[in-house]
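Inspection log for the structure reproduced underneath, given as structure tokens.
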4 protein chains.
Amino acid sequence: MIKVAIVGASGYTGVELIRLLANHPQVEIACLTSRQNAGEQIAAVFPSLLERITLACDGSETGVVIEKADVVFTALPHQAAMAVVPDLLAAGKKVIDLSADYRLRDAAVYEAWYQKHSSPELLKEAVYGLPEIYREQVRCARLVANPGCYPTSVALALAPLLKRGLIDPASLIVDSKSGTSGAGRSAKVGSLFCEVNEGFQAYGVAKHRHTPEIEQTLGDLAGKPVMINFTPHLLPVNRGILSTCYASLQESRTTAELLAAFREEYADEPFVRVHPAGSLPNVAYVRASNYCDLGVVSDSRTGRVIVVSAIDNLVKGAAGQAVQNMNLMLGFEESAGLTGLPVFP
Amino acid sequence: MIKVAIVGASGYTGVELIRLLANHPQVEIACLTSRQNAGEQIAAVFPSLLERITLACDGSETGVVIEKADVVFTALPHQAAMAVVPDLLAAGKKVIDLSADYRLRDAAVYEAWYQKHSSPELLKEAVYGLPEIYREQVRCARLVANPGCYPTSVALALAPLLKRGLIDPASLIVDSKSGTSGAGRSAKVGSLFCEVNEGFQAYGVAKHRHTPEIEQTLGDLAGKPVMINFTPHLLPVNRGILSTCYASLQESRTTAELLAAFREEYADEPFVRVHPAGSLPNVAYVRASNYCDLGVVSDSRTGRVIVVSAIDNLVKGAAGQAVQNMNLMLGFEESAGLTGLPVFP
Amino acid sequence: MIKVAIVGASGYTGVELIRLLANHPQVEIACLTSRQNAGEQIAAVFPSLLERITLACDGSETGVVIEKADVVFTALPHQAAMAVVPDLLAAGKKVIDLSADYRLRDAAVYEAWYQKHSSPELLKEAVYGLPEIYREQVRCARLVANPGCYPTSVALALAPLLKRGLIDPASLIVDSKSGTSGAGRSAKVGSLFCEVNEGFQAYGVAKHRHTPEIEQTLGDLAGKPVMINFTPHLLPVNRGILSTCYASLQESRTTAELLAAFREEYADEPFVRVHPAGSLPNVAYVRASNYCDLGVVSDSRTGRVIVVSAIDNLVKGAAGQAVQNMNLMLGFEESAGLTGLPVFP
Amino acid sequence: MIKVAIVGASGYTGVELIRLLANHPQVEIACLTSRQNAGEQIAAVFPSLLERITLACDGSETGVVIEKADVVFTALPHQAAMAVVPDLLAAGKKVIDLSADYRLRDAAVYEAWYQKHSSPELLKEAVYGLPEIYREQVRCARLVANPGCYPTSVALALAPLLKRGLIDPASLIVDSKSGTSGAGRSAKVGSLFCEVNEGFQAYGVAKHRHTPEIEQTLGDLAGKPVMINFTPHLLPVNRGILSTCYASLQESRTTAELLAAFREEYADEPFVRVHPAGSLPNVAYVRASNYCDLGVVSDSRTGRVIVVSAIDNLVKGAAGQAVQNMNLMLGFEESAGLTGLPVFP
């Protein structure tokens, strides 16, 4: 059994990593850290774990993590992650970082959208952990930058079209909707039940930090720089991202032709499901699973294609994808620990 | 007191009309009809009305309605509405029809998206009841076709830009999200709590029947035919539509410049509120009110403008707008009965 | 127009008071205070108020309030309220206090459940503002202690039975469920959307601070001290309290007999509605209204009666009842400003 | 691999059985039946199963089931179940029936609360499948009557107290709240999203059909007939039952003493978790798992104990408990296929 640590275990991504790793056949959760709940039983923080996880939270000292574990998931906010990742790597650990700190290859882009980077030299080495696109690089990585939830949902939606040159990269408009767990577990008025429930709004319009991350991957796929409109919205559900993506077709294609491209692209992918024509994804159909569901419609009136993707932001959008990356890095079966079916209803 | 009737009172639009009309200072609810609840007290159907509305539902005979009321709201499904509207008009009633039956001026377009029309001669006479755009025609109308919920949210979002030629009409993409009351009160598996709650999906992609209605109004505003991509989604809230509209600017404009156009356009409108820069609408902020809230962002990177509109689909998207139209038709204060503030939270 | 102030306007009770008072025909909102949003437009705090309420929040100095208003609603947490109420009274204002500070007549009881009281001399004077039970005292009060939300729902449910001696006061068990707005608008992890949504739990079992307040009123009704079991639960809805009350009947009574007692008790009450036999209240049927709906079932197998009451915790449980009390204190029509029908769905 | 069938696979209990059995290491789903979706792919009915379950639904002929499977789960409404169970038994199958048809030992009681029973002779043989109470009988059963969701939550809450004679069986009051999936997947107005969401109500007061089932088990535990007040409520969540149980203590006991009894009772139970003092269950902490969480509070003021239990109605209240029963009947590890942790948030 490989010993793993979760640094930053008391957030929603942390508890989801615990849920998945607790049932993983080849790993043992050896260490959980939490600055604010140091010393506390994790099952007191999350009673869902009662009688199953008997660890107490360690504080934030990297030394303890290094001593107890061989593989480390860092589930910290950006900026906090880069304060610990270099030490973990220096100690010979494999690291899956769930923050944004190592996702952008260009330090200047990172610094334009976030803040100063303290370990820019690692940006070249870090592998962007979207296995469907960068699988081989992930296998050999020491440091995987686990993708953002929105970027995962968008890249998988558009990859088959961009790789095949079927759409105009200058025409991309992405309208995304995310469940509230994406906002994290910190106490903010805007995340209160009464502010979110029975409400719906856009936020971060034309300035959300996932924009450059999305554009980096789409640029790789298109073979040239891509600029998009990306509009996130806050959805009154716990889990799930649905991205509705619009693009102009380079030449007219039927829905059936486009679906064939999607099926070809994802034929061997364990976690991407292409809906049949006439059926569209719903975040409810992927809940608590590592699936990304895709649906495609060609609109002959306007010459545009609409691709809809659905993921669980905490699984394929965070903890599940991180486990998938770990599986690849350690040579495990890629779907180990990730075989649970979606929970519906 | 003017006597009004609601034909089809046992749906969600019906009960919302009752709520609004019960507090209207110049009308009296004289007749409620319901095929399936004929003979039943309306307060037994909707206990929210207990001790306030003591009418029993009449059946569906038009004669009773004609006898009891002078103004009639028809809140029936399409096709059912056109079976009664001509008789009501022939009897000298003023009619506000909340179905789709008289919204499209061109019978051929109606028949392409719906089914055969039995009173196409009325299509020319019917006035599309969006007061912010067609106010003067509404004032003199016998028959008002009350707009659809989605079309209201889209037309108000794009009117200032199309009228001023600020955007390319060929570039319009509309991503809309509607609360579940928009699906009506009939018993369908797809509208069950467990199917909708914690879920989110697109539906009717590239084929929703509100598309030609939206395009008719946008065409009037643009002065030429307009074709759009319109993607509706089902939102797990009771009330509210949020439409996120994308368009390419004809030439570069700042958010401030665009907001100035919106404020100019809607300066005297009692039910349109333009959010200040940096603030965006939320369906929660218009709940149970007749407001349409608008927010605008210019994205200089892509040269596109994003307009977000929020309405309560049962009020400004249905019953409230119908009362607003009635007020205009009868020469009442336009906001009579519609002064309630949004219910938040 | 009477000038009113709301001290503590940036909470959920504050915004609900604004919503109700803005449409009240005889008052004018002259002053809003908020410690944390001082200087800010209230419509920036609550965009639901955009273009309707153009006041900025004053800070917490009592002097400003005294200068601007004649009637003051104090919507502050307990302990904060008693720091301002005596000064307001000394300046000749009428005060409706929505905190718990003046609800308990016995300072010792208050201090056992809360903390030291700084103006115990006012406890004798303060009138408990439940008009259905203490209407005449409210009419002449300078200081009304507006009841808690749970206590309102319980007292109205049990009053007809206790006053008539139909039940054993030693047998009372109250199982209450409250919407999340009852927890207020402060940023706490326990009130986050993801913690509340799709969850349900009891809290404060056998120790909730509303217990002595409920027992005080029930004791008045029974004519002797009463002790109850009171179990509140947190409901994943914005608004609404449903209390399910159990009591042993002194002698066997049918549901019809018990309903007759309820109808007799509340025959002239504008805001209490007794459901017919076989129908039961739902928080959805009173939403955004000042109604308290009641349902009664006699269980002949066990000799117990079950009474179910439903209110909107922000209206009859707080702001609406406060306006009702103001109306009585100022000699207005009791239902002025409170005639809105419930918003359903 | 043992071949299993699910008769009635297109309901919520059906799809949950599929989710659990698909990951069970020792069984293979060999047959799914559905009257209304006969011939259809089950993954078209429930897209959550896409690419994982490739079976089509058989119709309702028992012969097909008998041919394809050795163990049968009947997930049908009451009355429909007893039409097929005798044939399945006669063909030598082991049957876990999730309906109410074989839960009550006394045919007269069944017929008083439901309707005529067509195979009363099986009532004596059927074993009530609550393993924590009847485990040894389950091991040898041919026919297990899988308990109702409410009865499971109540029996586990009260067993430790009744078995030890700590409470007065005449004092029992049970206030239960169930998620909406308990109402099933049939299209009814009362189960529509807009009727349930933001609502809360009691139903079936003093006449719910789970009452005799609860009383039968509590009677076994008490060693004498027990009569209770049972009040179910409809909770606006997909999954979960919380039961709040009230009883008078025979003599005064502290919370710590009562908790000790609970811990002793359930020390070796894999699926019952007793919360520590001061902590209470939440349906969110058991979601999608087979756990029953329990919390206990002694109220010295009134001499009563309050026990709160939480289960997922579709798992421990239906499909999960059915799998647990199957495991016992087939000699598998009792928790096989049931080791998933709760999904939070």
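Letters A, B, ... go to the chains of the structure tokens in the order shown; residues in each chain start at 1; ligands are counted from 1 in the same order.
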
Neighbours of chain A in chain D at 8 Å, counting only C-alpha atoms, as a PyMOL selection string: chain D and resi 12+15-16+19+23+46-51+181+238-239+273+284-286+288+339-345

Surrounding residues of Val71 in chain A excluding itself and chain neighbours under 2 positions, 10 Å, only C-alpha atoms, as a PDB file with all heavy atoms, in the first residue's frame:
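See selection.pdb below for the written result:
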```pdb
ATOM      1  N   ILE A   2       0.611   2.102  -0.961  1.00  0.00           N
ATOM      2  CA  ILE A   2       1.327   3.376  -1.039  1.00  0.00           C
ATOM      3  C   ILE A   2       0.717   4.345  -0.028  1.00  0.00           C
ATOM      4  O   ILE A   2      -0.501   4.452   0.080  1.00  0.00           O
ATOM      5  CB  ILE A   2       1.198   3.967  -2.460  1.00  0.00           C
ATOM      6  CG1 ILE A   2       1.775   3.025  -3.510  1.00  0.00           C
ATOM      7  CG2 ILE A   2       1.808   5.359  -2.537  1.00  0.00           C
ATOM      8  CD1 ILE A   2       3.272   2.965  -3.543  1.00  0.00           C
ATOM      9  N   LYS A   3       1.567   5.049   0.671  1.00  0.00           N
ATOM     10  CA  LYS A   3       1.067   6.006   1.663  1.00  0.00           C
ATOM     11  C   LYS A   3       0.874   7.375   1.003  1.00  0.00           C
ATOM     12  O   LYS A   3       1.804   7.901   0.395  1.00  0.00           O
ATOM     13  CB  LYS A   3       2.064   6.122   2.816  1.00  0.00           C
ATOM     14  CG  LYS A   3       2.118   4.873   3.689  1.00  0.00           C
ATOM     15  CD  LYS A   3       3.167   5.044   4.776  1.00  0.00           C
ATOM     16  CE  LYS A   3       3.492   3.728   5.462  1.00  0.00           C
ATOM     17  NZ  LYS A   3       2.352   3.086   6.141  1.00  0.00           N
ATOM     18  N   VAL A   4      -0.345   7.904   1.177  1.00  0.00           N
ATOM     19  CA  VAL A   4      -0.627   9.207   0.575  1.00  0.00           C
ATOM     20  C   VAL A   4      -1.003  10.214   1.650  1.00  0.00           C
ATOM     21  O   VAL A   4      -1.506   9.853   2.719  1.00  0.00           O
ATOM     22  CB  VAL A   4      -1.778   9.136  -0.475  1.00  0.00           C
ATOM     23  CG1 VAL A   4      -1.447   8.133  -1.581  1.00  0.00           C
ATOM     24  CG2 VAL A   4      -3.094   8.772   0.180  1.00  0.00           C
ATOM     25  N   ALA A   5      -0.742  11.460   1.341  1.00  0.00           N
ATOM     26  CA  ALA A   5      -1.131  12.566   2.229  1.00  0.00           C
ATOM     27  C   ALA A   5      -2.022  13.530   1.475  1.00  0.00           C
ATOM     28  O   ALA A   5      -1.893  13.686   0.264  1.00  0.00           O
ATOM     29  CB  ALA A   5       0.104  13.293   2.732  1.00  0.00           C
ATOM     30  N   ILE A   6      -2.912  14.141   2.220  1.00  0.00           N
ATOM     31  CA  ILE A   6      -3.718  15.230   1.666  1.00  0.00           C
ATOM     32  C   ILE A   6      -3.403  16.483   2.471  1.00  0.00           C
ATOM     33  O   ILE A   6      -3.698  16.559   3.663  1.00  0.00           O
ATOM     34  CB  ILE A   6      -5.226  14.919   1.735  1.00  0.00           C
ATOM     35  CG1 ILE A   6      -5.544  13.629   0.970  1.00  0.00           C
ATOM     36  CG2 ILE A   6      -6.038  16.093   1.184  1.00  0.00           C
ATOM     37  CD1 ILE A   6      -6.946  13.085   1.215  1.00  0.00           C
ATOM     38  N   VAL A  27      -3.845   2.179  -2.056  1.00  0.00           N
ATOM     39  CA  VAL A  27      -3.231   3.245  -1.256  1.00  0.00           C
ATOM     40  C   VAL A  27      -3.812   3.274   0.154  1.00  0.00           C
ATOM     41  O   VAL A  27      -4.899   2.740   0.412  1.00  0.00           O
ATOM     42  CB  VAL A  27      -3.421   4.659  -1.898  1.00  0.00           C
ATOM     43  CG1 VAL A  27      -2.953   4.665  -3.349  1.00  0.00           C
ATOM     44  CG2 VAL A  27      -4.858   5.117  -1.782  1.00  0.00           C
ATOM     45  N   ILE A  29      -4.396   6.148   3.270  1.00  0.00           N
ATOM     46  CA  ILE A  29      -4.320   7.555   3.666  1.00  0.00           C
ATOM     47  C   ILE A  29      -3.496   7.628   4.945  1.00  0.00           C
ATOM     48  O   ILE A  29      -3.910   7.104   5.983  1.00  0.00           O
ATOM     49  CB  ILE A  29      -5.713   8.171   3.894  1.00  0.00           C
ATOM     50  CG1 ILE A  29      -6.580   8.025   2.624  1.00  0.00           C
ATOM     51  CG2 ILE A  29      -5.594   9.640   4.289  1.00  0.00           C
ATOM     52  CD1 ILE A  29      -8.007   8.526   2.786  1.00  0.00           C
ATOM     53  N   ALA A  30      -2.338   8.252   4.851  1.00  0.00           N
ATOM     54  CA  ALA A  30      -1.406   8.226   5.983  1.00  0.00           C
ATOM     55  C   ALA A  30      -1.343   9.550   6.718  1.00  0.00           C
ATOM     56  O   ALA A  30      -0.904   9.608   7.867  1.00  0.00           O
ATOM     57  CB  ALA A  30      -0.008   7.849   5.484  1.00  0.00           C
ATOM     58  N   VAL A  65       4.390  15.804   6.728  1.00  0.00           N
ATOM     59  CA  VAL A  65       3.888  15.201   5.501  1.00  0.00           C
ATOM     60  C   VAL A  65       4.982  14.370   4.837  1.00  0.00           C
ATOM     61  O   VAL A  65       4.773  13.227   4.414  1.00  0.00           O
ATOM     62  CB  VAL A  65       3.393  16.287   4.525  1.00  0.00           C
ATOM     63  CG1 VAL A  65       2.923  15.678   3.213  1.00  0.00           C
ATOM     64  CG2 VAL A  65       2.289  17.111   5.176  1.00  0.00           C
ATOM     65  N   ILE A  66       6.174  14.939   4.787  1.00  0.00           N
ATOM     66  CA  ILE A  66       7.306  14.260   4.139  1.00  0.00           C
ATOM     67  C   ILE A  66       7.624  12.954   4.845  1.00  0.00           C
ATOM     68  O   ILE A  66       7.916  11.935   4.216  1.00  0.00           O
ATOM     69  CB  ILE A  66       8.523  15.213   4.120  1.00  0.00           C
ATOM     70  CG1 ILE A  66       8.270  16.341   3.115  1.00  0.00           C
ATOM     71  CG2 ILE A  66       9.803  14.463   3.793  1.00  0.00           C
ATOM     72  CD1 ILE A  66       9.285  17.462   3.148  1.00  0.00           C
ATOM     73  N   LYS A  68       5.517  11.076   6.609  1.00  0.00           N
ATOM     74  CA  LYS A  68       4.453  10.072   6.648  1.00  0.00           C
ATOM     75  C   LYS A  68       4.052   9.516   5.279  1.00  0.00           C
ATOM     76  O   LYS A  68       3.446   8.448   5.213  1.00  0.00           O
ATOM     77  CB  LYS A  68       3.190  10.681   7.287  1.00  0.00           C
ATOM     78  CG  LYS A  68       3.331  10.979   8.789  1.00  0.00           C
ATOM     79  CD  LYS A  68       1.971  11.408   9.372  1.00  0.00           C
ATOM     80  CE  LYS A  68       2.049  11.679  10.870  1.00  0.00           C
ATOM     81  NZ  LYS A  68       0.759  12.167  11.406  1.00  0.00           N
ATOM     82  N   ALA A  69       4.299  10.252   4.200  1.00  0.00           N
ATOM     83  CA  ALA A  69       3.689   9.846   2.929  1.00  0.00           C
ATOM     84  C   ALA A  69       4.668   9.884   1.773  1.00  0.00           C
ATOM     85  O   ALA A  69       5.697  10.577   1.825  1.00  0.00           O
ATOM     86  CB  ALA A  69       2.498  10.746   2.619  1.00  0.00           C
ATOM     87  N   PHE A  73      -1.168  14.920  -2.205  1.00  0.00           N
ATOM     88  CA  PHE A  73      -2.154  15.760  -2.876  1.00  0.00           C
ATOM     89  C   PHE A  73      -2.171  17.108  -2.146  1.00  0.00           C
ATOM     90  O   PHE A  73      -2.465  17.146  -0.952  1.00  0.00           O
ATOM     91  CB  PHE A  73      -3.550  15.138  -2.808  1.00  0.00           C
ATOM     92  CG  PHE A  73      -3.677  13.837  -3.545  1.00  0.00           C
ATOM     93  CD1 PHE A  73      -3.385  12.630  -2.914  1.00  0.00           C
ATOM     94  CD2 PHE A  73      -4.089  13.810  -4.876  1.00  0.00           C
ATOM     95  CE1 PHE A  73      -3.506  11.422  -3.594  1.00  0.00           C
ATOM     96  CE2 PHE A  73      -4.211  12.605  -5.560  1.00  0.00           C
ATOM     97  CZ  PHE A  73      -3.916  11.405  -4.920  1.00  0.00           C
ATOM     98  N   THR A  74      -1.875  18.172  -2.856  1.00  0.00           N
ATOM     99  CA  THR A  74      -1.963  19.488  -2.218  1.00  0.00           C
ATOM    100  C   THR A  74      -3.280  20.146  -2.652  1.00  0.00           C
ATOM    101  O   THR A  74      -3.475  20.459  -3.828  1.00  0.00           O
ATOM    102  CB  THR A  74      -0.756  20.375  -2.598  1.00  0.00           C
ATOM    103  OG1 THR A  74      -0.506  20.244  -4.003  1.00  0.00           O
ATOM    104  CG2 THR A  74       0.481  19.946  -1.837  1.00  0.00           C
ATOM    105  N   LEU A  88       8.228  19.517  -1.064  1.00  0.00           N
ATOM    106  CA  LEU A  88       7.765  18.139  -1.208  1.00  0.00           C
ATOM    107  C   LEU A  88       8.525  17.450  -2.343  1.00  0.00           C
ATOM    108  O   LEU A  88       8.962  16.301  -2.209  1.00  0.00           O
ATOM    109  CB  LEU A  88       6.254  18.114  -1.481  1.00  0.00           C
ATOM    110  CG  LEU A  88       5.370  18.642  -0.342  1.00  0.00           C
ATOM    111  CD1 LEU A  88       3.926  18.802  -0.819  1.00  0.00           C
ATOM    112  CD2 LEU A  88       5.418  17.717   0.869  1.00  0.00           C
ATOM    113  N   LEU A  89       8.704  18.171  -3.440  1.00  0.00           N
ATOM    114  CA  LEU A  89       9.446  17.596  -4.567  1.00  0.00           C
ATOM    115  C   LEU A  89      10.907  17.353  -4.179  1.00  0.00           C
ATOM    116  O   LEU A  89      11.481  16.304  -4.498  1.00  0.00           O
ATOM    117  CB  LEU A  89       9.379  18.546  -5.774  1.00  0.00           C
ATOM    118  CG  LEU A  89       8.008  18.689  -6.441  1.00  0.00           C
ATOM    119  CD1 LEU A  89       8.076  19.758  -7.528  1.00  0.00           C
ATOM    120  CD2 LEU A  89       7.541  17.366  -7.044  1.00  0.00           C
ATOM    121  N   GLY A  92      11.638  14.267  -2.620  1.00  0.00           N
ATOM    122  CA  GLY A  92      11.442  13.063  -3.429  1.00  0.00           C
ATOM    123  C   GLY A  92      10.010  12.581  -3.540  1.00  0.00           C
ATOM    124  O   GLY A  92       9.752  11.466  -3.993  1.00  0.00           O
ATOM    125  N   LYS A  93       9.068  13.397  -3.130  1.00  0.00           N
ATOM    126  CA  LYS A  93       7.667  12.987  -3.209  1.00  0.00           C
ATOM    127  C   LYS A  93       7.116  13.222  -4.606  1.00  0.00           C
ATOM    128  O   LYS A  93       7.557  14.128  -5.314  1.00  0.00           O
ATOM    129  CB  LYS A  93       6.826  13.796  -2.210  1.00  0.00           C
ATOM    130  CG  LYS A  93       7.348  13.784  -0.790  1.00  0.00           C
ATOM    131  CD  LYS A  93       7.467  12.383  -0.233  1.00  0.00           C
ATOM    132  CE  LYS A  93       8.165  12.380   1.125  1.00  0.00           C
ATOM    133  NZ  LYS A  93       8.402  11.017   1.613  1.00  0.00           N
ATOM    134  N   LYS A  94       6.135  12.439  -4.955  1.00  0.00           N
ATOM    135  CA  LYS A  94       5.339  12.754  -6.133  1.00  0.00           C
ATOM    136  C   LYS A  94       4.195  13.650  -5.666  1.00  0.00           C
ATOM    137  O   LYS A  94       3.600  13.392  -4.627  1.00  0.00           O
ATOM    138  CB  LYS A  94       4.785  11.487  -6.779  1.00  0.00           C
ATOM    139  CG  LYS A  94       5.888  10.628  -7.404  1.00  0.00           C
ATOM    140  CD  LYS A  94       5.314   9.547  -8.311  1.00  0.00           C
ATOM    141  CE  LYS A  94       6.419   8.612  -8.785  1.00  0.00           C
ATOM    142  NZ  LYS A  94       6.778   8.804 -10.202  1.00  0.00           N
ATOM    143  N   VAL A  95       3.897  14.663  -6.430  1.00  0.00           N
ATOM    144  CA  VAL A  95       2.912  15.654  -5.995  1.00  0.00           C
ATOM    145  C   VAL A  95       1.835  15.847  -7.053  1.00  0.00           C
ATOM    146  O   VAL A  95       2.154  16.034  -8.238  1.00  0.00           O
ATOM    147  CB  VAL A  95       3.580  17.016  -5.701  1.00  0.00           C
ATOM    148  CG1 VAL A  95       2.525  18.061  -5.342  1.00  0.00           C
ATOM    149  CG2 VAL A  95       4.600  16.871  -4.571  1.00  0.00           C
ATOM    150  N   ILE A  96       0.592  15.767  -6.618  1.00  0.00           N
ATOM    151  CA  ILE A  96      -0.523  16.196  -7.459  1.00  0.00           C
ATOM    152  C   ILE A  96      -1.066  17.461  -6.806  1.00  0.00           C
ATOM    153  O   ILE A  96      -1.641  17.417  -5.715  1.00  0.00           O
ATOM    154  CB  ILE A  96      -1.619  15.119  -7.555  1.00  0.00           C
ATOM    155  CG1 ILE A  96      -1.055  13.841  -8.181  1.00  0.00           C
ATOM    156  CG2 ILE A  96      -2.786  15.639  -8.395  1.00  0.00           C
ATOM    157  CD1 ILE A  96      -0.931  12.697  -7.219  1.00  0.00           C
ATOM    158  N   ARG A 142       6.684  14.032 -12.006  1.00  0.00           N
ATOM    159  CA  ARG A 142       6.868  14.149 -10.549  1.00  0.00           C
ATOM    160  C   ARG A 142       5.805  15.088 -10.006  1.00  0.00           C
ATOM    161  O   ARG A 142       5.325  14.948  -8.905  1.00  0.00           O
ATOM    162  CB  ARG A 142       8.184  14.877 -10.230  1.00  0.00           C
ATOM    163  CG  ARG A 142       9.440  14.151 -10.287  1.00  0.00           C
ATOM    164  CD  ARG A 142      10.512  14.892  -9.511  1.00  0.00           C
ATOM    165  NE  ARG A 142      10.685  16.306  -9.853  1.00  0.00           N
ATOM    166  CZ  ARG A 142      11.418  17.158  -9.137  1.00  0.00           C
ATOM    167  NH1 ARG A 142      12.035  16.747  -8.022  1.00  0.00           N
ATOM    168  NH2 ARG A 142      11.547  18.420  -9.498  1.00  0.00           N
ATOM    169  N   MET A 326      -2.851  10.219 -10.210  1.00  0.00           N
ATOM    170  CA  MET A 326      -2.007   9.398  -9.326  1.00  0.00           C
ATOM    171  C   MET A 326      -1.882   7.985  -9.887  1.00  0.00           C
ATOM    172  O   MET A 326      -0.788   7.401  -9.922  1.00  0.00           O
ATOM    173  CB  MET A 326      -2.602   9.351  -7.917  1.00  0.00           C
ATOM    174  CG  MET A 326      -1.808   8.446  -6.976  1.00  0.00           C
ATOM    175  SD  MET A 326      -2.721   8.024  -5.464  1.00  0.00           S
ATOM    176  CE  MET A 326      -3.915   6.828  -6.104  1.00  0.00           C
ATOM    177  N   MET A 329       0.594   8.047 -12.635  1.00  0.00           N
ATOM    178  CA  MET A 329       1.958   8.291 -12.148  1.00  0.00           C
ATOM    179  C   MET A 329       2.559   7.059 -11.472  1.00  0.00           C
ATOM    180  O   MET A 329       3.761   6.851 -11.489  1.00  0.00           O
ATOM    181  CB  MET A 329       1.943   9.459 -11.154  1.00  0.00           C
ATOM    182  CG  MET A 329       1.582  10.815 -11.768  1.00  0.00           C
ATOM    183  SD  MET A 329       1.086  12.019 -10.504  1.00  0.00           S
ATOM    184  CE  MET A 329       2.695  12.648  -9.993  1.00  0.00           C
ATOM    185  N   LEU A 330       1.679   6.250 -10.835  1.00  0.00           N
ATOM    186  CA  LEU A 330       2.179   5.097 -10.078  1.00  0.00           C
ATOM    187  C   LEU A 330       2.024   3.786 -10.845  1.00  0.00           C
ATOM    188  O   LEU A 330       2.339   2.719 -10.320  1.00  0.00           O
ATOM    189  CB  LEU A 330       1.430   4.998  -8.742  1.00  0.00           C
ATOM    190  CG  LEU A 330       1.557   6.211  -7.800  1.00  0.00           C
ATOM    191  CD1 LEU A 330       0.811   5.947  -6.496  1.00  0.00           C
ATOM    192  CD2 LEU A 330       3.022   6.522  -7.488  1.00  0.00           C
TER     193      LEU A 330
END
```

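Near Phe200 in chain A, within a cut-off of 10 Å and counting only C-alpha atoms, sit the residues Lys177, Glu195, Val196, Asn197, Tyr203, His233, Leu234, Leu235 and Pro236 of chain A; Lys177, Ser178, Gly179, Leu235, Pro236, Val237, Gly240, Ile241, Leu242, Pro281, Asn282, Val283, Ala284, Tyr285 and Ala310 of chain B, with same-chain residues fewer than 3 positions away left out.
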
Range 58-63 of chain A surroundings by only C-alpha atoms, 7 Å radius, close-in-sequence under 2 positions cut, as JSON, numbers by chain: {"A": [32, 33, 34, 35, 38, 39, 56, 65, 66, 67, 84]}

Point-to-point distance from CA of Val205 in chain A to CA of Thr231 in chain A, Å rounded to tenths: 5.2 Å

Atomic distance CA of Leu143 in chain D - CA of Val323 in chain D, expressed in Å with one decimal: 13.4 Å

Close residues, range 122-135 of chain A itself excluded, 8 Å, only C-alpha atoms, min 3 positions apart in chain, as a PyMOL selection string: chain A and resi 102-107+119+138-139+141-147+152+156+269+321-322+324-325+328

Long-range neighbours of Ala260 in chain C as an MDAnalysis selection string, 12 Å cut-off, only C-alpha atoms, 3 positions minimum in chain: chainID C and resid 160:161 164 253:257 263:267 274:277 295:296

C:Gly331, C:Pro232, C:Gly190, C:Pro151 ranked by distance to Gln216 in chain C, top pick (using only C-alpha atoms):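 The closest residue to Gln216 in chain C is C:Pro151.
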